[in-house]
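> Input work-v7.pdb, format and content: PDB, C-alpha atoms.
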ATOM      1  CA  MET A   1      26.680  30.449   9.843  1.00  0.00           C
ATOM      2  CA  ALA A   2      30.047  29.811   8.072  1.00  0.00           C
ATOM      3  CA  LYS A   3      32.651  27.762   9.877  1.00  0.00           C
ATOM      4  CA  VAL A   4      36.420  27.514  10.302  1.00  0.00           C
ATOM      5  CA  ILE A   5      38.102  24.382  11.654  1.00  0.00           C
ATOM      6  CA  LEU A   6      41.796  23.640  12.232  1.00  0.00           C
ATOM      7  CA  PHE A   7      42.929  20.028  12.680  1.00  0.00           C
ATOM      8  CA  ASP A   8      46.300  19.065  14.149  1.00  0.00           C
ATOM      9  CA  GLY A   9      45.878  15.482  12.906  1.00  0.00           C
ATOM     10  CA  PRO A  10      44.550  13.835   9.743  1.00  0.00           C
ATOM     11  CA  PHE A  11      41.002  14.695   8.670  1.00  0.00           C
ATOM     12  CA  ASP A  12      38.656  13.345   6.016  1.00  0.00           C
ATOM     13  CA  PRO A  13      37.507  16.323   3.913  1.00  0.00           C
ATOM     14  CA  TYR A  14      34.543  14.423   2.480  1.00  0.00           C
ATOM     15  CA  ALA A  15      33.316  13.414   5.937  1.00  0.00           C
ATOM     16  CA  GLU A  16      33.678  17.055   7.057  1.00  0.00           C
ATOM     17  CA  LEU A  17      31.766  18.196   4.004  1.00  0.00           C
ATOM     18  CA  LYS A  18      28.967  15.755   4.701  1.00  0.00           C
ATOM     19  CA  LYS A  19      28.844  16.657   8.402  1.00  0.00           C
ATOM     20  CA  TYR A  20      28.661  20.368   7.651  1.00  0.00           C
ATOM     21  CA  GLU A  21      26.032  19.852   4.977  1.00  0.00           C
ATOM     22  CA  ALA A  22      23.850  17.996   7.524  1.00  0.00           C
ATOM     23  CA  ALA A  23      24.211  20.919   9.960  1.00  0.00           C
ATOM     24  CA  LEU A  24      23.469  23.348   7.165  1.00  0.00           C
ATOM     25  CA  VAL A  25      20.160  21.636   6.381  1.00  0.00           C
ATOM     26  CA  VAL A  26      19.194  21.824  10.058  1.00  0.00           C
ATOM     27  CA  GLN A  27      20.136  25.508  10.108  1.00  0.00           C
ATOM     28  CA  HIS A  28      18.572  26.648   6.838  1.00  0.00           C
ATOM     29  CA  GLY A  29      15.947  23.988   6.123  1.00  0.00           C
ATOM     30  CA  LEU A  30      15.596  21.506   3.280  1.00  0.00           C
ATOM     31  CA  GLY A  31      15.939  22.541  -0.360  1.00  0.00           C
ATOM     32  CA  GLN A  32      17.734  25.822   0.231  1.00  0.00           C
ATOM     33  CA  TYR A  33      20.706  25.296  -2.082  1.00  0.00           C
ATOM     34  CA  GLY A  34      21.127  23.959  -5.577  1.00  0.00           C
ATOM     35  CA  ALA A  35      24.888  24.062  -5.897  1.00  0.00           C
ATOM     36  CA  THR A  36      27.872  22.962  -3.844  1.00  0.00           C
ATOM     37  CA  THR A  37      31.461  23.644  -4.867  1.00  0.00           C
ATOM     38  CA  SER A  38      34.306  22.201  -2.854  1.00  0.00           C
ATOM     39  CA  PHE A  39      38.078  22.271  -3.211  1.00  0.00           C
ATOM     40  CA  VAL A  40      40.426  19.847  -1.450  1.00  0.00           C
ATOM     41  CA  GLY A  41      44.174  20.444  -1.309  1.00  0.00           C
ATOM     42  CA  THR A  42      46.312  17.336  -0.811  1.00  0.00           C
ATOM     43  CA  MET A  43      49.988  17.019   0.039  1.00  0.00           C
ATOM     44  CA  ARG A  44      52.196  16.040  -2.898  1.00  0.00           C
ATOM     45  CA  ASP A  45      55.437  14.084  -2.499  1.00  0.00           C
ATOM     46  CA  PHE A  46      57.299  16.447  -4.862  1.00  0.00           C
ATOM     47  CA  ASN A  47      57.936  20.181  -5.050  1.00  0.00           C
ATOM     48  CA  GLU A  48      60.334  22.307  -7.114  1.00  0.00           C
ATOM     49  CA  GLY A  49      61.830  19.130  -8.588  1.00  0.00           C
ATOM     50  CA  ASP A  50      62.625  17.511  -5.222  1.00  0.00           C
ATOM     51  CA  ASP A  51      61.117  14.538  -3.393  1.00  0.00           C
ATOM     52  CA  VAL A  52      59.275  15.661  -0.259  1.00  0.00           C
ATOM     53  CA  SER A  53      58.795  12.988   2.430  1.00  0.00           C
ATOM     54  CA  ALA A  54      56.942  15.077   5.038  1.00  0.00           C
ATOM     55  CA  MET A  55      55.873  18.584   5.853  1.00  0.00           C
ATOM     56  CA  PHE A  56      55.295  20.730   8.918  1.00  0.00           C
ATOM     57  CA  LEU A  57      52.535  23.325   8.750  1.00  0.00           C
ATOM     58  CA  GLU A  58      53.108  26.154  11.177  1.00  0.00           C
ATOM     59  CA  HIS A  59      50.392  28.680  12.031  1.00  0.00           C
ATOM     60  CA  TYR A  60      49.828  31.693  14.285  1.00  0.00           C
ATOM     61  CA  PRO A  61      47.263  30.494  16.854  1.00  0.00           C
ATOM     62  CA  GLY A  62      44.513  33.092  17.119  1.00  0.00           C
ATOM     63  CA  MET A  63      45.422  35.136  14.067  1.00  0.00           C
ATOM     64  CA  THR A  64      45.083  32.200  11.683  1.00  0.00           C
ATOM     65  CA  GLU A  65      41.529  31.474  12.826  1.00  0.00           C
ATOM     66  CA  LYS A  66      40.710  35.195  12.740  1.00  0.00           C
ATOM     67  CA  ALA A  67      42.056  35.560   9.191  1.00  0.00           C
ATOM     68  CA  LEU A  68      40.038  32.539   8.007  1.00  0.00           C
ATOM     69  CA  GLU A  69      36.876  33.882   9.641  1.00  0.00           C
ATOM     70  CA  THR A  70      37.426  37.220   7.909  1.00  0.00           C
ATOM     71  CA  ILE A  71      37.742  35.408   4.558  1.00  0.00           C
ATOM     72  CA  CYS A  72      34.479  33.498   5.200  1.00  0.00           C
ATOM     73  CA  THR A  73      32.690  36.712   6.126  1.00  0.00           C
ATOM     74  CA  GLN A  74      33.972  38.377   2.979  1.00  0.00           C
ATOM     75  CA  ALA A  75      32.745  35.459   0.838  1.00  0.00           C
ATOM     76  CA  MET A  76      29.314  35.647   2.481  1.00  0.00           C
ATOM     77  CA  ASN A  77      29.192  39.406   1.798  1.00  0.00           C
ATOM     78  CA  ASP A  78      30.572  39.341  -1.750  1.00  0.00           C
ATOM     79  CA  TYR A  79      28.677  36.383  -3.245  1.00  0.00           C
ATOM     80  CA  PRO A  80      25.039  35.264  -3.027  1.00  0.00           C
ATOM     81  CA  ILE A  81      25.923  32.081  -1.149  1.00  0.00           C
ATOM     82  CA  LEU A  82      23.975  30.337   1.568  1.00  0.00           C
ATOM     83  CA  ASP A  83      27.002  29.185   3.518  1.00  0.00           C
ATOM     84  CA  CYS A  84      30.696  28.304   3.407  1.00  0.00           C
ATOM     85  CA  ILE A  85      33.352  26.406   5.316  1.00  0.00           C
ATOM     86  CA  ILE A  86      37.156  26.368   5.581  1.00  0.00           C
ATOM     87  CA  VAL A  87      38.970  23.401   7.128  1.00  0.00           C
ATOM     88  CA  HIS A  88      42.768  23.421   7.383  1.00  0.00           C
ATOM     89  CA  ARG A  89      45.394  21.099   8.739  1.00  0.00           C
ATOM     90  CA  VAL A  90      48.301  22.190  10.970  1.00  0.00           C
ATOM     91  CA  GLY A  91      51.325  20.325  12.353  1.00  0.00           C
ATOM     92  CA  ASP A  92      53.075  17.282  10.855  1.00  0.00           C
ATOM     93  CA  ILE A  93      51.716  16.156   7.485  1.00  0.00           C
ATOM     94  CA  LYS A  94      52.479  13.166   5.258  1.00  0.00           C
ATOM     95  CA  PRO A  95      52.094  12.857   1.462  1.00  0.00           C
ATOM     96  CA  ASN A  96      48.505  12.198   0.395  1.00  0.00           C
ATOM     97  CA  ASP A  97      47.101  13.802   3.581  1.00  0.00           C
ATOM     98  CA  SER A  98      44.443  16.433   3.010  1.00  0.00           C
ATOM     99  CA  ILE A  99      45.725  19.910   3.812  1.00  0.00           C
ATOM    100  CA  VAL A 100      42.695  22.073   3.146  1.00  0.00           C
ATOM    101  CA  LEU A 101      38.992  21.960   2.330  1.00  0.00           C
ATOM    102  CA  VAL A 102      36.947  24.958   1.258  1.00  0.00           C
ATOM    103  CA  ALA A 103      33.331  24.732   0.175  1.00  0.00           C
ATOM    104  CA  ALA A 104      30.463  27.058  -0.684  1.00  0.00           C
ATOM    105  CA  TRP A 105      26.753  26.435  -1.077  1.00  0.00           C
ATOM    106  CA  SER A 106      24.429  28.576  -3.199  1.00  0.00           C
ATOM    107  CA  ALA A 107      21.185  28.515  -5.137  1.00  0.00           C
ATOM    108  CA  HIS A 108      22.969  28.389  -8.523  1.00  0.00           C
ATOM    109  CA  ARG A 109      26.399  27.105  -9.565  1.00  0.00           C
ATOM    110  CA  GLY A 110      28.055  30.407 -10.470  1.00  0.00           C
ATOM    111  CA  ALA A 111      28.160  31.839  -6.970  1.00  0.00           C
ATOM    112  CA  ALA A 112      29.328  28.563  -5.415  1.00  0.00           C
ATOM    113  CA  PHE A 113      32.194  28.228  -7.930  1.00  0.00           C
ATOM    114  CA  ASP A 114      33.223  31.882  -7.583  1.00  0.00           C
ATOM    115  CA  ALA A 115      33.062  31.868  -3.784  1.00  0.00           C
ATOM    116  CA  ALA A 116      35.035  28.610  -3.467  1.00  0.00           C
ATOM    117  CA  ARG A 117      37.753  30.006  -5.739  1.00  0.00           C
ATOM    118  CA  MET A 118      37.863  33.217  -3.702  1.00  0.00           C
ATOM    119  CA  LEU A 119      38.052  31.268  -0.413  1.00  0.00           C
ATOM    120  CA  ILE A 120      41.105  29.257  -1.471  1.00  0.00           C
ATOM    121  CA  GLU A 121      42.913  32.104  -3.254  1.00  0.00           C
ATOM    122  CA  LYS A 122      42.395  34.508  -0.343  1.00  0.00           C
ATOM    123  CA  LEU A 123      43.511  31.813   2.112  1.00  0.00           C
ATOM    124  CA  LYS A 124      46.709  31.425   0.066  1.00  0.00           C
ATOM    125  CA  THR A 125      47.599  35.106   0.396  1.00  0.00           C
ATOM    126  CA  ASP A 126      46.094  36.107   3.761  1.00  0.00           C
ATOM    127  CA  ALA A 127      46.003  33.210   6.230  1.00  0.00           C
ATOM    128  CA  PRO A 128      49.118  32.832   8.414  1.00  0.00           C
ATOM    129  CA  PHE A 129      50.328  29.316   7.566  1.00  0.00           C
ATOM    130  CA  TRP A 130      53.901  28.370   6.673  1.00  0.00           C
ATOM    131  CA  LYS A 131      55.058  25.082   5.142  1.00  0.00           C
ATOM    132  CA  LYS A 132      58.379  23.491   5.996  1.00  0.00           C
ATOM    133  CA  GLU A 133      59.308  20.535   3.785  1.00  0.00           C
ATOM    134  CA  THR A 134      61.430  17.536   4.720  1.00  0.00           C
ATOM    135  CA  LEU A 135      63.706  16.519   1.842  1.00  0.00           C
ATOM    136  CA  LYS A 136      66.464  13.896   1.599  1.00  0.00           C
ATOM    137  CA  GLU A 137      69.028  16.629   2.229  1.00  0.00           C
ATOM    138  CA  GLY A 138      67.215  18.194   5.184  1.00  0.00           C
ATOM    139  CA  GLU A 139      64.441  20.715   5.708  1.00  0.00           C
ATOM    140  CA  ARG A 140      63.458  23.884   3.869  1.00  0.00           C
ATOM    141  CA  TRP A 141      60.792  26.549   4.261  1.00  0.00           C
ATOM    142  CA  VAL A 142      58.482  26.983   1.291  1.00  0.00           C
ATOM    143  CA  GLU A 143      59.096  30.570   0.227  1.00  0.00           C
ATOM    144  CA  LYS A 144      56.068  31.231  -1.928  1.00  0.00           C
ATOM    145  CA  ASN A 145      52.889  29.664  -3.263  1.00  0.00           C
ATOM    146  CA  THR A 146      52.892  28.016  -6.654  1.00  0.00           C
ATOM    147  CA  LYS A 147      50.692  29.569  -9.298  1.00  0.00           C
ATOM    148  CA  GLY A 148      47.164  28.164  -9.205  1.00  0.00           C
TER     149      GLY A 148
ATOM    150  CA  MET B   1      55.457  49.379  29.608  1.00  0.00           C
ATOM    151  CA  SER B   2      56.275  46.901  26.888  1.00  0.00           C
ATOM    152  CA  ILE B   3      55.290  45.344  23.580  1.00  0.00           C
ATOM    153  CA  LYS B   4      55.348  41.612  22.953  1.00  0.00           C
ATOM    154  CA  VAL B   5      56.940  40.676  19.633  1.00  0.00           C
ATOM    155  CA  LEU B   6      56.481  37.348  17.816  1.00  0.00           C
ATOM    156  CA  PHE B   7      58.435  35.863  14.895  1.00  0.00           C
ATOM    157  CA  PHE B   8      57.267  32.979  12.730  1.00  0.00           C
ATOM    158  CA  ALA B   9      58.663  30.419  10.296  1.00  0.00           C
ATOM    159  CA  SER B  10      61.920  31.240   8.479  1.00  0.00           C
ATOM    160  CA  LEU B  11      62.092  34.647  10.145  1.00  0.00           C
ATOM    161  CA  ARG B  12      62.238  32.968  13.564  1.00  0.00           C
ATOM    162  CA  ASP B  13      65.196  30.912  12.300  1.00  0.00           C
ATOM    163  CA  THR B  14      66.905  34.029  10.915  1.00  0.00           C
ATOM    164  CA  LEU B  15      66.483  36.026  14.134  1.00  0.00           C
ATOM    165  CA  GLY B  16      67.199  33.037  16.363  1.00  0.00           C
ATOM    166  CA  ARG B  17      64.145  33.351  18.627  1.00  0.00           C
ATOM    167  CA  ALA B  18      60.354  32.979  18.583  1.00  0.00           C
ATOM    168  CA  SER B  19      59.525  36.044  20.658  1.00  0.00           C
ATOM    169  CA  ASP B  20      60.909  39.152  22.263  1.00  0.00           C
ATOM    170  CA  GLU B  21      59.750  42.066  24.337  1.00  0.00           C
ATOM    171  CA  VAL B  22      60.560  45.723  23.762  1.00  0.00           C
ATOM    172  CA  ASP B  23      60.204  48.735  26.004  1.00  0.00           C
ATOM    173  CA  THR B  24      57.746  51.246  24.583  1.00  0.00           C
ATOM    174  CA  ALA B  25      60.118  54.181  25.213  1.00  0.00           C
ATOM    175  CA  ASN B  26      61.152  55.669  21.840  1.00  0.00           C
ATOM    176  CA  ILE B  27      58.836  53.291  19.965  1.00  0.00           C
ATOM    177  CA  SER B  28      55.895  54.654  18.034  1.00  0.00           C
ATOM    178  CA  THR B  29      55.474  52.476  14.923  1.00  0.00           C
ATOM    179  CA  VAL B  30      55.828  48.847  13.860  1.00  0.00           C
ATOM    180  CA  ALA B  31      58.963  49.881  11.936  1.00  0.00           C
ATOM    181  CA  ASP B  32      60.447  51.136  15.226  1.00  0.00           C
ATOM    182  CA  VAL B  33      59.669  47.767  16.811  1.00  0.00           C
ATOM    183  CA  TRP B  34      61.530  46.033  13.961  1.00  0.00           C
ATOM    184  CA  GLU B  35      64.563  48.293  14.503  1.00  0.00           C
ATOM    185  CA  ALA B  36      64.545  47.416  18.193  1.00  0.00           C
ATOM    186  CA  VAL B  37      64.412  43.632  17.716  1.00  0.00           C
ATOM    187  CA  ALA B  38      66.110  42.908  14.381  1.00  0.00           C
ATOM    188  CA  ARG B  39      69.717  43.394  15.565  1.00  0.00           C
ATOM    189  CA  GLY B  40      70.741  45.161  12.394  1.00  0.00           C
ATOM    190  CA  GLU B  41      68.799  42.927   9.950  1.00  0.00           C
ATOM    191  CA  ALA B  42      67.191  45.036   7.221  1.00  0.00           C
ATOM    192  CA  MET B  43      63.420  44.701   7.001  1.00  0.00           C
ATOM    193  CA  PRO B  44      62.679  42.244   4.134  1.00  0.00           C
ATOM    194  CA  SER B  45      60.610  43.915   1.401  1.00  0.00           C
ATOM    195  CA  ASN B  46      58.042  41.091   1.518  1.00  0.00           C
ATOM    196  CA  LEU B  47      57.787  41.027   5.337  1.00  0.00           C
ATOM    197  CA  LEU B  48      54.257  40.778   6.717  1.00  0.00           C
ATOM    198  CA  MET B  49      53.324  42.332  10.049  1.00  0.00           C
ATOM    199  CA  ALA B  50      50.392  42.415  12.424  1.00  0.00           C
ATOM    200  CA  ILE B  51      49.303  44.261  15.554  1.00  0.00           C
ATOM    201  CA  ASN B  52      47.062  42.243  17.868  1.00  0.00           C
ATOM    202  CA  GLN B  53      46.538  39.677  15.086  1.00  0.00           C
ATOM    203  CA  ASP B  54      45.402  42.173  12.428  1.00  0.00           C
ATOM    204  CA  TYR B  55      47.553  42.929   9.381  1.00  0.00           C
ATOM    205  CA  VAL B  56      49.126  46.402   9.376  1.00  0.00           C
ATOM    206  CA  LYS B  57      51.743  48.382   7.438  1.00  0.00           C
ATOM    207  CA  ALA B  58      55.140  49.313   8.863  1.00  0.00           C
ATOM    208  CA  ASP B  59      54.014  52.873   9.668  1.00  0.00           C
ATOM    209  CA  ALA B  60      51.127  51.720  11.911  1.00  0.00           C
ATOM    210  CA  ASN B  61      51.259  53.045  15.466  1.00  0.00           C
ATOM    211  CA  VAL B  62      51.838  50.670  18.364  1.00  0.00           C
ATOM    212  CA  GLN B  63      50.732  51.004  21.967  1.00  0.00           C
ATOM    213  CA  ASP B  64      51.719  49.601  25.323  1.00  0.00           C
ATOM    214  CA  ASN B  65      50.722  45.927  25.701  1.00  0.00           C
ATOM    215  CA  ASP B  66      50.272  45.396  21.955  1.00  0.00           C
ATOM    216  CA  GLU B  67      51.250  42.062  20.429  1.00  0.00           C
ATOM    217  CA  VAL B  68      53.293  42.712  17.290  1.00  0.00           C
ATOM    218  CA  ALA B  69      54.097  39.870  14.898  1.00  0.00           C
ATOM    219  CA  PHE B  70      56.535  39.689  11.978  1.00  0.00           C
ATOM    220  CA  PHE B  71      56.485  36.887   9.443  1.00  0.00           C
ATOM    221  CA  PRO B  72      57.413  35.913   5.865  1.00  0.00           C
ATOM    222  CA  PRO B  73      54.861  35.509   3.045  1.00  0.00           C
ATOM    223  CA  VAL B  74      52.290  32.870   3.945  1.00  0.00           C
ATOM    224  CA  THR B  75      52.233  29.485   2.201  1.00  0.00           C
ATOM    225  CA  GLY B  76      49.116  27.663   3.392  1.00  0.00           C
ATOM    226  CA  GLY B  77      46.461  25.831   1.413  1.00  0.00           C
TER     227      GLY B  77
END
Please render this file's structure as structure tokens.


Amino acid sequence: MAKVILFDGPFDPYAELKKYEAALVVQHGLGQYGATTSFVGTMRDFNEGDDVSAMFLEHYPGMTEKALETICTQAMNDYPILDCIIVHRVGDIKPNDSIVLVAAWSAHRGAAFDAARMLIEKLKTDAPFWKKETLKEGERWVEKNTKG
Amino acid sequence: MSIKVLFFASLRDTLGRASDEVDTANISTVADVWEAVARGEAMPSNLLMAINQDYVKADANVQDNDEVAFFPPVTGG
């Protein structure tokens, strides 16, 4: 079924994970997966040597969701996984807030690890999100992703 | 007969507006749309572009009523 959710306020990635896993059991039945890999991205209060007090996450309504759905579909096609989810925050964000959750479920660990890695890396290059940081001196757009 | 054009993030700041509209006369590709809206700004080499919310290259053809978007490299996650 794969799912994409955008939140414009704080979300609890572990609650989302649990909620989706409950739905997944209803959908696929009990005992259908043996491995779950999840990745949670959290806002730091530093970047490029500067203190960051807040961040704004801009997106392209419509295209962002579409890009994330395409990434989920690709993961489902490319790896033997049962299901996957992408949850992402938009709007004003504070340090320690969760920014992103990706997770994949599969029979064995390899596919879940590989698919989760693909989901986050592909999101980093393909999904229309832009970070603007608030520093002591003012605001700045983040120009590129840091190396994973 | 027009094309809606959207700009995001730092590019919106650079061009001074979030959206624009161009007449389709003399416009056949996304690169032509850029020429019509960029007011002399050269197209950044890392610029990303989309037609109707799908990624395309600068030589992709545009049609009447298309939504064309230009934006800098994405930085989500």

> With a distance threshold of 10 Å and counting only C-alpha atoms, extract the residues of chain A near chain B and express them as a VMD selection string.

chain A and resid 40 to 43 57 to 67 87 to 90 98 to 102 120 to 132 140 to 146

> Select, from A:Phe56, A:Tyr20, A:Trp105, A:Phe46, the residue with the minimum atom-to-atom distance to A:Tyr33, counting only C-alpha atoms.

A:Trp105

> Between B:Met1, B:Trp34, B:Phe70, B:Ala25, which is the closest to B:Leu47 once you count only C-alpha atoms?

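Using only C-alpha atoms, the shortest distance to B:Leu47 belongs to B:Phe70.
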
> With 10 Å as the threshold, what does the neighbourhood of (34.2, 33.6, 6.2) contain in terms of residues, counting all atoms listed in the file? Coordinates are those of the file; answer as a JSON list (two decimals) with C-alpha atoms, in the frame of the given file.


[["chain", "number", "residue", "atom", "x", "y", "z"],
["A", 1, "MET", "CA", 26.68, 30.45, 9.84],
["A", 2, "ALA", "CA", 30.05, 29.81, 8.07],
["A", 3, "LYS", "CA", 32.65, 27.76, 9.88],
["A", 4, "VAL", "CA", 36.42, 27.51, 10.30],
["A", 66, "LYS", "CA", 40.71, 35.20, 12.74],
["A", 67, "ALA", "CA", 42.06, 35.56, 9.19],
["A", 68, "LEU", "CA", 40.04, 32.54, 8.01],
["A", 69, "GLU", "CA", 36.88, 33.88, 9.64],
["A", 70, "THR", "CA", 37.43, 37.22, 7.91],
["A", 71, "ILE", "CA", 37.74, 35.41, 4.56],
["A", 72, "CYS", "CA", 34.48, 33.50, 5.20],
["A", 73, "THR", "CA", 32.69, 36.71, 6.13],
["A", 74, "GLN", "CA", 33.97, 38.38, 2.98],
["A", 75, "ALA", "CA", 32.74, 35.46, 0.84],
["A", 76, "MET", "CA", 29.31, 35.65, 2.48],
["A", 77, "ASN", "CA", 29.19, 39.41, 1.80],
["A", 83, "ASP", "CA", 27.00, 29.18, 3.52],
["A", 84, "CYS", "CA", 30.70, 28.30, 3.41],
["A", 85, "ILE", "CA", 33.35, 26.41, 5.32],
["A", 86, "ILE", "CA", 37.16, 26.37, 5.58],
["A", 119, "LEU", "CA", 38.05, 31.27, -0.41]]

> Please return, as a CSV table (one decimal) with C-alpha atoms, keeping the file's coordinate frame, all polymer residues that have at least one atom within 7 Å of the point (54.2, 51.3, 25.1); use all atoms listed in the file and the file's own coordinate frame.


chain,number,residue,atom,x,y,z
B,1,MET,CA,55.5,49.4,29.6
B,2,SER,CA,56.3,46.9,26.9
B,3,ILE,CA,55.3,45.3,23.6
B,23,ASP,CA,60.2,48.7,26.0
B,24,THR,CA,57.7,51.2,24.6
B,25,ALA,CA,60.1,54.2,25.2
B,63,GLN,CA,50.7,51.0,22.0
B,64,ASP,CA,51.7,49.6,25.3
B,65,ASN,CA,50.7,45.9,25.7

> As an exercise, work out the distance from atom CA of B:Lys4 to atom CA of A:Asp92 in Å and give it to one decimal place.

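Calculated distance between atom CA of B:Lys4 and atom CA of A:Asp92 is 27.3 Å.
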
> Within 12 Å of B:Gly40, counting all atoms listed in the file, which residues show up once you throw out same-chain ones fewer than 5 positions away? Write them as a ChimeraX atom specification, please.

/B:14-15,34-35

> Hey, can you check how far atom CA of A:Pro13 sits from atom CA of A:Leu135?

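Interatomic distance here is 26.3 Å.
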
> I need the output of the PyMOL selection byres ((chain A and resi 34) around 8) for this file as a list of chain:residue names; which residues are they?

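Expected selection for the PyMOL selection byres ((chain A and resi 34) around 8) here is A:Gly31, A:Gln32, A:Tyr33, A:Ala35, A:Thr36, A:Trp105, A:Ser106, A:Ala107, A:His108, A:Arg109.
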
> Calculate how many Å separate atom CA of A:Phe39 from atom CA of A:Leu6, rounding to one decimal.

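Between atom CA of A:Phe39 and atom CA of A:Leu6 the gap is 15.9 Å.
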
> Any idea what's packed within 9 Å of stretch 26-31 of chain B, counting only C-alpha atoms, ignoring anything in its chain fewer than 4 positions away? Could you give it as a list in words?

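My reading of the contact set: Val22, Glu35, Ala36, Met43, Met49, Ala50, Ile51, Val56, Lys57, Ala58, Asp59, Ala60, Asn61, Val62, Gln63 and Val68 of chain B.
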
> Return as AutoDock Vina command-line options the box centre and box size in Å, one decimal, for an axis-aligned box around all listed atoms of stretch 44-49 of chain B padded by 6 Å per side.


--center_x 58.0 --center_y 42.3 --center_z 5.7 --size_x 21.4 --size_y 15.1 --size_z 20.6
